[in-house]
file input.cif (mmCIF, C-alpha atoms)
data_my_file
loop_
_atom_site.group_PDB
_atom_site.id
_atom_site.type_symbol
_atom_site.label_atom_id
_atom_site.label_comp_id
_atom_site.auth_asym_id
_atom_site.auth_seq_id
_atom_site.Cartn_x
_atom_site.Cartn_y
_atom_site.Cartn_z
ATOM 1 C CA MET A 1262 -9.814 4.115 14.676
ATOM 2 C CA LEU A 1263 -6.382 4.310 16.286
ATOM 3 C CA THR A 1264 -6.150 3.389 19.962
ATOM 4 C CA SER A 1265 -3.322 4.026 22.408
ATOM 5 C CA PHE A 1266 -1.659 1.198 24.317
ATOM 6 C CA ALA A 1267 1.038 0.784 26.970
ATOM 7 C CA GLY A 1268 0.317 4.116 28.628
ATOM 8 C CA SER A 1269 -0.113 5.972 25.308
ATOM 9 C CA ARG A 1270 3.411 5.039 24.178
ATOM 10 C CA LEU A 1271 2.160 2.902 21.278
ATOM 11 C CA PHE A 1272 -0.734 3.189 18.845
ATOM 12 C CA GLY A 1273 -2.643 0.770 16.697
ATOM 13 C CA GLU A 1274 -5.997 -0.729 15.791
ATOM 14 C CA SER A 1275 -8.165 -2.950 17.987
ATOM 15 C CA TYR A 1276 -10.316 -5.713 16.507
ATOM 16 C CA GLY A 1277 -13.138 -7.743 18.020
ATOM 17 C CA THR A 1278 -15.159 -7.121 21.151
ATOM 18 C CA GLY A 1279 -13.314 -9.180 23.756
ATOM 19 C CA THR A 1280 -9.919 -9.032 25.427
ATOM 20 C CA PRO A 1281 -7.323 -9.224 22.643
ATOM 21 C CA TRP A 1282 -5.231 -12.374 22.367
ATOM 22 C CA VAL A 1283 -3.551 -11.754 18.996
ATOM 23 C CA LEU A 1284 -0.835 -9.137 18.499
ATOM 24 C CA ALA A 1285 0.090 -8.249 14.897
ATOM 25 C CA LEU A 1286 3.422 -6.631 13.982
ATOM 26 C CA HIS A 1287 3.972 -5.262 10.475
ATOM 27 C CA GLY A 1288 6.961 -5.064 8.172
ATOM 28 C CA TRP A 1289 9.480 -2.320 7.426
ATOM 29 C CA ARG A 1290 7.901 0.778 5.820
ATOM 30 C CA ARG A 1291 4.452 -0.702 6.478
ATOM 31 C CA ASP A 1292 1.849 -0.105 9.214
ATOM 32 C CA HIS A 1293 -1.055 -1.730 11.080
ATOM 33 C CA ARG A 1294 -3.404 -1.401 8.111
ATOM 34 C CA ASP A 1295 -1.701 -4.361 6.416
ATOM 35 C CA PHE A 1296 -3.623 -6.695 8.734
ATOM 36 C CA GLU A 1297 -7.133 -5.407 8.025
ATOM 37 C CA ALA A 1298 -8.134 -8.373 5.865
ATOM 38 C CA VAL A 1299 -6.612 -10.835 8.349
ATOM 39 C CA LEU A 1300 -8.156 -9.485 11.543
ATOM 40 C CA ALA A 1301 -11.294 -7.549 10.597
ATOM 41 C CA PRO A 1302 -13.575 -10.562 9.965
ATOM 42 C CA PRO A 1303 -15.415 -11.578 13.173
ATOM 43 C CA GLY A 1304 -13.874 -14.024 15.567
ATOM 44 C CA ILE A 1305 -10.436 -12.620 16.340
ATOM 45 C CA ASP A 1306 -9.855 -10.232 19.228
ATOM 46 C CA ALA A 1307 -6.609 -8.559 18.279
ATOM 47 C CA ILE A 1308 -4.318 -5.556 18.326
ATOM 48 C CA ALA A 1309 -2.349 -4.475 15.246
ATOM 49 C CA LEU A 1310 0.351 -1.988 16.203
ATOM 50 C CA ASP A 1311 2.246 0.726 14.393
ATOM 51 C CA LEU A 1312 5.849 -0.018 15.315
ATOM 52 C CA PRO A 1313 7.899 3.044 16.371
ATOM 53 C CA GLY A 1314 9.012 4.967 13.312
ATOM 54 C CA PHE A 1315 6.144 3.785 11.097
ATOM 55 C CA GLY A 1316 2.542 4.814 10.553
ATOM 56 C CA SER A 1317 1.302 6.925 13.452
ATOM 57 C CA ALA A 1318 4.214 6.064 15.755
ATOM 58 C CA ALA A 1319 7.082 8.457 16.350
ATOM 59 C CA ALA A 1320 10.575 7.204 15.631
ATOM 60 C CA PRO A 1321 12.769 6.176 18.559
ATOM 61 C CA GLU A 1322 14.994 8.914 19.908
ATOM 62 C CA GLU A 1323 18.051 6.683 19.603
ATOM 63 C CA VAL A 1324 19.198 3.846 17.383
ATOM 64 C CA TRP A 1325 17.246 0.699 18.270
ATOM 65 C CA GLY A 1326 17.752 -2.915 17.349
ATOM 66 C CA THR A 1327 14.986 -5.485 17.185
ATOM 67 C CA PRO A 1328 15.494 -6.423 20.890
ATOM 68 C CA ASP A 1329 14.625 -2.799 21.738
ATOM 69 C CA TYR A 1330 11.501 -3.010 19.590
ATOM 70 C CA ALA A 1331 10.546 -6.217 21.386
ATOM 71 C CA GLU A 1332 11.032 -4.530 24.750
ATOM 72 C CA ALA A 1333 8.747 -1.646 23.735
ATOM 73 C CA VAL A 1334 6.081 -3.925 22.276
ATOM 74 C CA GLY A 1335 6.235 -6.224 25.298
ATOM 75 C CA ALA A 1336 4.457 -3.628 27.404
ATOM 76 C CA VAL A 1337 1.287 -4.247 25.373
ATOM 77 C CA LEU A 1338 1.186 -7.918 26.416
ATOM 78 C CA ASP A 1339 0.164 -6.902 29.924
ATOM 79 C CA GLU A 1340 -3.083 -5.476 28.469
ATOM 80 C CA MET A 1341 -3.944 -8.701 26.636
ATOM 81 C CA ALA A 1342 -5.453 -12.061 27.509
ATOM 82 C CA PRO A 1343 -3.125 -14.814 28.753
ATOM 83 C CA GLY A 1344 -1.548 -16.887 26.009
ATOM 84 C CA VAL A 1345 -0.932 -14.305 23.283
ATOM 85 C CA VAL A 1346 -0.425 -15.326 19.658
ATOM 86 C CA VAL A 1347 1.958 -12.955 17.879
ATOM 87 C CA LEU A 1348 1.629 -12.509 14.125
ATOM 88 C CA GLY A 1349 4.839 -11.063 12.715
ATOM 89 C CA HIS A 1350 5.301 -10.157 9.067
ATOM 90 C CA SER A 1351 8.762 -9.345 7.685
ATOM 91 C CA PHE A 1352 10.473 -6.920 10.120
ATOM 92 C CA GLY A 1353 7.646 -7.616 12.551
ATOM 93 C CA GLY A 1354 8.659 -11.277 12.461
ATOM 94 C CA ARG A 1355 12.125 -10.336 13.652
ATOM 95 C CA VAL A 1356 10.599 -8.474 16.577
ATOM 96 C CA ALA A 1357 8.183 -11.347 17.263
ATOM 97 C CA VAL A 1358 11.003 -13.882 17.611
ATOM 98 C CA HIS A 1359 12.722 -11.719 20.231
ATOM 99 C CA LEU A 1360 9.399 -11.238 21.991
ATOM 100 C CA ALA A 1361 8.796 -14.986 22.213
ATOM 101 C CA ALA A 1362 12.347 -15.577 23.432
ATOM 102 C CA ARG A 1363 12.057 -12.896 26.126
ATOM 103 C CA ARG A 1364 8.502 -13.559 27.333
ATOM 104 C CA PRO A 1365 7.873 -17.289 26.982
ATOM 105 C CA ASP A 1366 5.267 -17.299 29.771
ATOM 106 C CA GLN A 1367 3.067 -14.821 27.884
ATOM 107 C CA ILE A 1368 3.447 -16.033 24.293
ATOM 108 C CA ALA A 1369 1.393 -19.102 23.339
ATOM 109 C CA GLY A 1370 2.400 -19.168 19.688
ATOM 110 C CA LEU A 1371 3.926 -17.346 16.740
ATOM 111 C CA VAL A 1372 2.744 -16.878 13.180
ATOM 112 C CA LEU A 1373 5.718 -15.813 11.079
ATOM 113 C CA SER A 1374 5.499 -14.756 7.447
ATOM 114 C CA GLY A 1375 8.194 -13.332 5.190
ATOM 115 C CA ALA A 1376 10.520 -12.794 8.145
ATOM 116 C CA PRO A 1377 14.127 -12.349 6.912
ATOM 117 C CA LEU A 1378 15.824 -14.094 9.837
ATOM 118 C CA TYR A 1379 18.795 -15.427 7.880
ATOM 119 C CA ARG A 1380 21.160 -13.714 5.495
ATOM 120 C CA PRO A 1381 20.463 -15.043 1.972
ATOM 121 C CA ALA A 1382 23.234 -17.107 0.416
ATOM 122 C CA GLY A 1383 25.409 -14.895 -1.745
ATOM 123 C CA ALA A 1384 24.274 -11.651 -0.114
ATOM 124 C CA ARG A 1385 26.949 -8.979 0.208
ATOM 125 C CA SER A 1386 28.086 -8.533 3.812
ATOM 126 C CA LYS A 1387 29.769 -5.193 3.052
ATOM 127 C CA PRO A 1388 28.814 -2.151 0.942
ATOM 128 C CA ARG A 1389 30.474 -1.784 -2.447
ATOM 129 C CA LEU A 1390 34.158 -0.806 -2.354
ATOM 130 C CA ARG A 1391 33.533 2.591 -3.969
ATOM 131 C CA PHE A 1392 30.963 3.444 -1.321
ATOM 132 C CA ARG A 1393 33.254 2.319 1.528
ATOM 133 C CA MET A 1394 36.073 4.462 0.151
ATOM 134 C CA ALA A 1395 33.777 7.464 -0.151
ATOM 135 C CA ARG A 1396 32.549 6.957 3.406
ATOM 136 C CA GLY A 1397 36.135 7.054 4.640
ATOM 137 C CA LEU A 1398 36.799 10.240 2.699
ATOM 138 C CA ALA A 1399 33.649 11.825 4.120
ATOM 139 C CA ALA A 1400 34.756 10.966 7.657
ATOM 140 C CA ARG A 1401 37.957 12.945 7.001
ATOM 141 C CA GLY A 1402 36.057 15.860 5.484
ATOM 142 C CA VAL A 1403 37.407 15.291 1.967
ATOM 143 C CA ILE A 1404 33.943 14.998 0.410
ATOM 144 C CA GLY A 1405 30.743 16.612 1.633
ATOM 145 C CA GLN A 1406 27.497 15.156 2.880
ATOM 146 C CA GLU A 1407 25.656 16.130 -0.290
ATOM 147 C CA ARG A 1408 27.983 13.908 -2.313
ATOM 148 C CA MET A 1409 27.685 11.132 0.258
ATOM 149 C CA GLU A 1410 23.901 11.251 0.106
ATOM 150 C CA ALA A 1411 24.061 10.972 -3.681
ATOM 151 C CA LEU A 1412 26.169 7.824 -3.272
ATOM 152 C CA ARG A 1413 23.747 6.438 -0.676
ATOM 153 C CA GLN A 1414 20.902 6.955 -3.115
ATOM 154 C CA ARG A 1415 22.878 5.224 -5.861
ATOM 155 C CA TYR A 1416 24.151 2.213 -3.938
ATOM 156 C CA GLY A 1417 21.602 1.758 -1.161
ATOM 157 C CA SER A 1418 18.592 -0.559 -1.193
ATOM 158 C CA ASP A 1419 15.082 0.799 -1.682
ATOM 159 C CA ASP A 1420 14.530 0.703 2.087
ATOM 160 C CA TYR A 1421 17.839 2.463 2.732
ATOM 161 C CA ARG A 1422 17.136 5.201 0.203
ATOM 162 C CA ALA A 1423 13.663 5.782 1.654
ATOM 163 C CA ALA A 1424 14.891 6.014 5.249
ATOM 164 C CA SER A 1425 16.501 9.029 6.868
ATOM 165 C CA GLY A 1426 17.857 10.104 10.226
ATOM 166 C CA VAL A 1427 17.604 7.615 13.039
ATOM 167 C CA MET A 1428 15.453 5.222 10.978
ATOM 168 C CA ARG A 1429 18.256 4.790 8.456
ATOM 169 C CA ASP A 1430 20.651 3.946 11.306
ATOM 170 C CA ILE A 1431 18.088 1.519 12.750
ATOM 171 C CA LEU A 1432 17.782 -0.202 9.369
ATOM 172 C CA VAL A 1433 21.555 -0.625 9.111
ATOM 173 C CA ARG A 1434 21.728 -2.001 12.645
ATOM 174 C CA THR A 1435 18.902 -4.487 12.242
ATOM 175 C CA LEU A 1436 20.240 -5.786 8.931
ATOM 176 C CA ALA A 1437 23.488 -6.667 10.690
ATOM 177 C CA GLU A 1438 21.795 -8.551 13.528
ATOM 178 C CA ASP A 1439 22.060 -12.293 14.098
ATOM 179 C CA TYR A 1440 18.840 -13.993 15.194
ATOM 180 C CA ALA A 1441 20.270 -17.441 15.962
ATOM 181 C CA ALA A 1442 20.124 -17.091 19.756
ATOM 182 C CA ALA A 1443 16.565 -15.752 19.716
ATOM 183 C CA ILE A 1444 15.396 -18.528 17.369
ATOM 184 C CA ALA A 1445 17.012 -21.147 19.598
ATOM 185 C CA ALA A 1446 15.153 -19.731 22.614
ATOM 186 C CA VAL A 1447 11.680 -20.040 21.038
ATOM 187 C CA ARG A 1448 9.722 -22.889 22.638
ATOM 188 C CA CYS A 1449 6.135 -22.119 21.622
ATOM 189 C CA PRO A 1450 4.399 -23.591 18.540
ATOM 190 C CA VAL A 1451 5.174 -21.668 15.357
ATOM 191 C CA GLU A 1452 3.116 -21.413 12.180
ATOM 192 C CA LEU A 1453 5.137 -20.439 9.108
ATOM 193 C CA VAL A 1454 3.051 -18.961 6.281
ATOM 194 C CA TRP A 1455 5.218 -18.189 3.248
ATOM 195 C CA GLY A 1456 4.833 -17.130 -0.342
ATOM 196 C CA ASP A 1457 6.794 -19.299 -2.747
ATOM 197 C CA HIS A 1458 7.561 -16.156 -4.786
ATOM 198 C CA ASP A 1459 8.916 -14.175 -1.820
ATOM 199 C CA THR A 1460 12.181 -12.555 -2.919
ATOM 200 C CA ALA A 1461 12.740 -10.471 0.249
ATOM 201 C CA ALA A 1462 12.692 -13.556 2.493
ATOM 202 C CA PRO A 1463 12.908 -16.595 0.202
ATOM 203 C CA LEU A 1464 11.055 -19.817 0.970
ATOM 204 C CA ALA A 1465 14.393 -21.361 1.970
ATOM 205 C CA THR A 1466 14.194 -19.137 5.071
ATOM 206 C CA ALA A 1467 10.951 -20.789 6.162
ATOM 207 C CA GLU A 1468 12.327 -24.242 5.424
ATOM 208 C CA GLN A 1469 15.373 -23.567 7.601
ATOM 209 C CA LEU A 1470 13.158 -22.233 10.386
ATOM 210 C CA GLN A 1471 11.048 -25.380 10.197
ATOM 211 C CA ARG A 1472 14.184 -27.464 10.704
ATOM 212 C CA GLU A 1473 15.484 -25.397 13.611
ATOM 213 C CA LEU A 1474 12.325 -24.679 15.582
ATOM 214 C CA PRO A 1475 11.124 -27.539 17.817
ATOM 215 C CA ASP A 1476 7.417 -27.155 16.965
ATOM 216 C CA ALA A 1477 6.962 -25.532 13.561
ATOM 217 C CA HIS A 1478 4.415 -26.074 10.788
ATOM 218 C CA LEU A 1479 4.952 -24.641 7.300
ATOM 219 C CA VAL A 1480 2.208 -23.567 4.894
ATOM 220 C CA VAL A 1481 3.368 -22.518 1.429
ATOM 221 C CA CYS A 1482 1.144 -20.056 -0.461
ATOM 222 C CA PRO A 1483 1.489 -20.782 -4.210
ATOM 223 C CA GLY A 1484 2.034 -17.657 -6.287
ATOM 224 C CA ALA A 1485 2.266 -15.348 -3.271
ATOM 225 C CA GLY A 1486 5.122 -12.893 -2.845
ATOM 226 C CA HIS A 1487 6.351 -11.032 0.204
ATOM 227 C CA LEU A 1488 3.204 -9.119 1.215
ATOM 228 C CA THR A 1489 1.210 -12.101 2.473
ATOM 229 C CA PRO A 1490 -1.048 -10.041 4.801
ATOM 230 C CA LEU A 1491 -2.456 -8.474 1.635
ATOM 231 C CA THR A 1492 -2.344 -11.456 -0.721
ATOM 232 C CA ALA A 1493 -2.880 -14.456 1.595
ATOM 233 C CA PRO A 1494 -4.965 -13.163 4.536
ATOM 234 C CA GLY A 1495 -7.011 -16.369 4.737
ATOM 235 C CA GLU A 1496 -3.925 -18.524 5.234
ATOM 236 C CA LEU A 1497 -2.670 -16.225 7.997
ATOM 237 C CA ARG A 1498 -6.067 -16.238 9.664
ATOM 238 C CA ALA A 1499 -6.194 -20.031 9.551
ATOM 239 C CA ALA A 1500 -2.724 -20.212 11.084
ATOM 240 C CA ILE A 1501 -3.845 -17.996 13.960
ATOM 241 C CA GLY A 1502 -6.815 -20.304 14.513
ATOM 242 C CA ARG A 1503 -4.569 -23.356 14.767
ATOM 243 C CA LEU A 1504 -2.711 -21.694 17.645
ATOM 244 C CA LYS A 1505 -5.754 -20.609 19.617
ATOM 245 C CA THR A 1506 -5.610 -22.080 23.123
#

call {"tool": "encode", "arguments": {"input": "input.cif", "output": "structure tokens"}}
result
Amino acid sequence: MLTSFAGSRLFGESYGTGTPWVLALHGWRRDHRDFEAVLAPPGIDAIALDLPGFGSAAAPEEVWGTPDYAEAVGAVLDEMAPGVVVLGHSFGGRVAVHLAARRPDQIAGLVLSGAPLYRPAGARSKPRLRFRMARGLAARGVIGQERMEALRQRYGSDDYRAASGVMRDILVRTLAEDYAAAIAAVRCPVELVWGDHDTAAPLATAEQLQRELPDAHLVVCPGAGHLTPLTAPGELRAAIGRLKT
């Protein structure tokens, strides 16, 4: 059953019977239900949120970046036990890193999985030339929005094609973000749980994080892809347990 948090500004699922000490943040186009197998078994008092724009949560009224998501989610920490462990999958991992950097006194540890915190080698930094030219023509009124949307559907990623309105603008903004400063500011222990078949955030991402974070431990899940909350819930649950204070 969905519960409201932070003065009814956020919604999610509560687990356990005690004061929650684990906060779970899902990936892009996902929701709190991804963490059912991780958190539902007895022993973990937790909150799994629907991030704004996903699941039951209304989209932001303006274009947010992941620091804005972290600011919104941070309000929930005040309702939790001291020493929160944040579990962040994919997009939720991006938010979790900012949360740990901004609230070091409240975050005891991070569990990151499939978090695309670095741009993959060889990734295009700009849209295709044809799309950029069309965008310029649209800005001058030479081609209409219907034609532009057709080009977006042709050249955009699956996430881009599925998004609309402010959520599409949020996606574009967050994909352009640099997480180096936030990563450098993380001082808590970090558990990295990664699928070796993850194509959205390749294993090389976790290996680089392990090198850059001062207290990081990497667990590789053989045969697992990107959706580790669904395919490797036991490994994520064990990682949470290692961070329990």

call {"tool": "resolve_selection", "arguments": {"input": "input.cif", "expression": "the PyMOL selection byres ((chain A and resi 1431) around 9)", "output": "PyMOL selection string"}}
result
chain A and resi 1323-1327+1426-1430+1432-1436

call {"tool": "write_last_selection", "arguments": {"input": "input.cif", "atoms": "C-alpha atoms", "output": "short mmCIF file (atom, residue, chain, number, x, y, z; two decimals), in the frame of the given file"}}
result
data_model
loop_
_atom_site.label_atom_id
_atom_site.label_comp_id
_atom_site.auth_asym_id
_atom_site.auth_seq_id
_atom_site.Cartn_x
_atom_site.Cartn_y
_atom_site.Cartn_z
CA GLU A 1323 18.05 6.68 19.60
CA VAL A 1324 19.20 3.85 17.38
CA TRP A 1325 17.25 0.70 18.27
CA GLY A 1326 17.75 -2.92 17.35
CA THR A 1327 14.99 -5.48 17.18
CA GLY A 1426 17.86 10.10 10.23
CA VAL A 1427 17.60 7.62 13.04
CA MET A 1428 15.45 5.22 10.98
CA ARG A 1429 18.26 4.79 8.46
CA ASP A 1430 20.65 3.95 11.31
CA LEU A 1432 17.78 -0.20 9.37
CA VAL A 1433 21.56 -0.62 9.11
CA ARG A 1434 21.73 -2.00 12.64
CA THR A 1435 18.90 -4.49 12.24
CA LEU A 1436 20.24 -5.79 8.93
#

call {"tool": "closest_residue", "arguments": {"input": "input.cif", "among": "A:Arg1448, A:Arg1498, A:His1478, A:Arg1270", "to": "Asp1366 in chain A", "atoms": "all atoms listed in the file"}}
result
A:Arg1448

call {"tool": "closest_residue", "arguments": {"input": "input.cif", "among": "A:Pro1321, A:Pro1450, A:Pro1475, A:Gly1268", "to": "Arg1503 in chain A", "atoms": "all atoms listed in the file"}}
result
A:Pro1450

call {"tool": "atom_distance", "arguments": {"input": "input.cif", "atom1": "CA of Phe1296 in chain A", "atom2": "CA of Ser1374 in chain A"}}
result
12.2 Å

call {"tool": "axis_aligned_box", "arguments": {"input": "input.cif", "around": "range 1364-1377 of chain A", "padding_each_side": "8 Å", "output": "AutoDock Vina command-line options"}}
result
--center_x 7.8 --center_y -15.8 --center_z 17.5 --size_x 28.7 --size_y 22.8 --size_z 40.6

call {"tool": "residues_around", "arguments": {"input": "input.cif", "residues": "Ala1376 in chain A", "least_positions_apart": "6", "cutoff": "6 Å", "atoms": "only C-alpha atoms", "output": "VMD selection string"}}
result
chain A and resid 1350 to 1351 1354

call {"tool": "resolve_selection", "arguments": {"input": "input.cif", "expression": "the PyMOL selection byres ((chain A and resi 1292) around 12)", "output": "short mmCIF file (atom, residue, chain, number, x, y, z; two decimals) with C-alpha atoms, in the frame of the given file"}}
result
data_model
loop_
_atom_site.label_atom_id
_atom_site.label_comp_id
_atom_site.auth_asym_id
_atom_site.auth_seq_id
_atom_site.Cartn_x
_atom_site.Cartn_y
_atom_site.Cartn_z
CA LEU A 1263 -6.38 4.31 16.29
CA PHE A 1272 -0.73 3.19 18.84
CA GLY A 1273 -2.64 0.77 16.70
CA GLU A 1274 -6.00 -0.73 15.79
CA ALA A 1285 0.09 -8.25 14.90
CA LEU A 1286 3.42 -6.63 13.98
CA HIS A 1287 3.97 -5.26 10.48
CA GLY A 1288 6.96 -5.06 8.17
CA TRP A 1289 9.48 -2.32 7.43
CA ARG A 1290 7.90 0.78 5.82
CA ARG A 1291 4.45 -0.70 6.48
CA HIS A 1293 -1.06 -1.73 11.08
CA ARG A 1294 -3.40 -1.40 8.11
CA ASP A 1295 -1.70 -4.36 6.42
CA PHE A 1296 -3.62 -6.70 8.73
CA GLU A 1297 -7.13 -5.41 8.02
CA ALA A 1309 -2.35 -4.47 15.25
CA LEU A 1310 0.35 -1.99 16.20
CA ASP A 1311 2.25 0.73 14.39
CA LEU A 1312 5.85 -0.02 15.32
CA PRO A 1313 7.90 3.04 16.37
CA GLY A 1314 9.01 4.97 13.31
CA PHE A 1315 6.14 3.78 11.10
CA GLY A 1316 2.54 4.81 10.55
CA SER A 1317 1.30 6.92 13.45
CA ALA A 1318 4.21 6.06 15.76
CA GLY A 1349 4.84 -11.06 12.72
CA HIS A 1350 5.30 -10.16 9.07
CA SER A 1351 8.76 -9.35 7.68
CA PHE A 1352 10.47 -6.92 10.12
CA GLY A 1353 7.65 -7.62 12.55
CA PRO A 1490 -1.05 -10.04 4.80
#

call {"tool": "residues_around", "arguments": {"input": "input.cif", "residues": "range 1275-1283 of chain A", "least_positions_apart": "4", "cutoff": "12 Å", "atoms": "all atoms listed in the file", "output": "VMD selection string"}}
result
chain A and resid 1262 to 1266 1293 to 1294 1296 to 1311 1337 to 1349 1357 1367 to 1372 1497 to 1498 1500 to 1502 1504 to 1506

call {"tool": "residues_around", "arguments": {"input": "input.cif", "residues": "Ala1442 in chain A", "least_positions_apart": "2", "cutoff": "12 Å", "atoms": "only C-alpha atoms", "output": "list in words"}}
result
Pro1328, Val1358, His1359, Ala1361, Ala1362, Arg1363, Leu1378, Glu1438, Asp1439, Tyr1440, Ile1444, Ala1445, Ala1446, Val1447, Glu1473 and Leu1474 of chain A

call {"tool": "closest_residue", "arguments": {"input": "input.cif", "among": "A:Ala1493, A:Leu1271, A:Val1356, A:Ala1485", "to": "Gly1456 in chain A", "atoms": "all atoms listed in the file"}}
result
A:Ala1485

call {"tool": "atom_distance", "arguments": {"input": "input.cif", "atom1": "CA of Asp1457 in chain A", "atom2": "CA of Tyr1379 in chain A"}}
result
16.5 Å

call {"tool": "closest_residue", "arguments": {"input": "input.cif", "among": "A:Arg1380, A:His1487, A:Leu1453, A:Ala1320", "to": "Arg1472 in chain A", "atoms": "all atoms listed in the file"}}
result
A:Leu1453

call {"tool": "resolve_selection", "arguments": {"input": "input.cif", "expression": "the PyMOL selection byres ((chain A and resi 1461) around 8)", "output": "VMD selection string"}}
result
chain A and resid 1375 1377 1459 to 1460 1462 to 1463 1487

call {"tool": "atom_distance", "arguments": {"input": "input.cif", "atom1": "CA of Gly1495 in chain A", "atom2": "CA of Val1334 in chain A"}}
result
25.2 Å

call {"tool": "residues_around", "arguments": {"input": "input.cif", "residues": "Ala1467 in chain A", "least_positions_apart": "3", "cutoff": "7 Å", "atoms": "all atoms listed in the file", "output": "list in words"}}
result
Leu1453, Trp1455, Leu1464, Leu1470 and Gln1471 of chain A
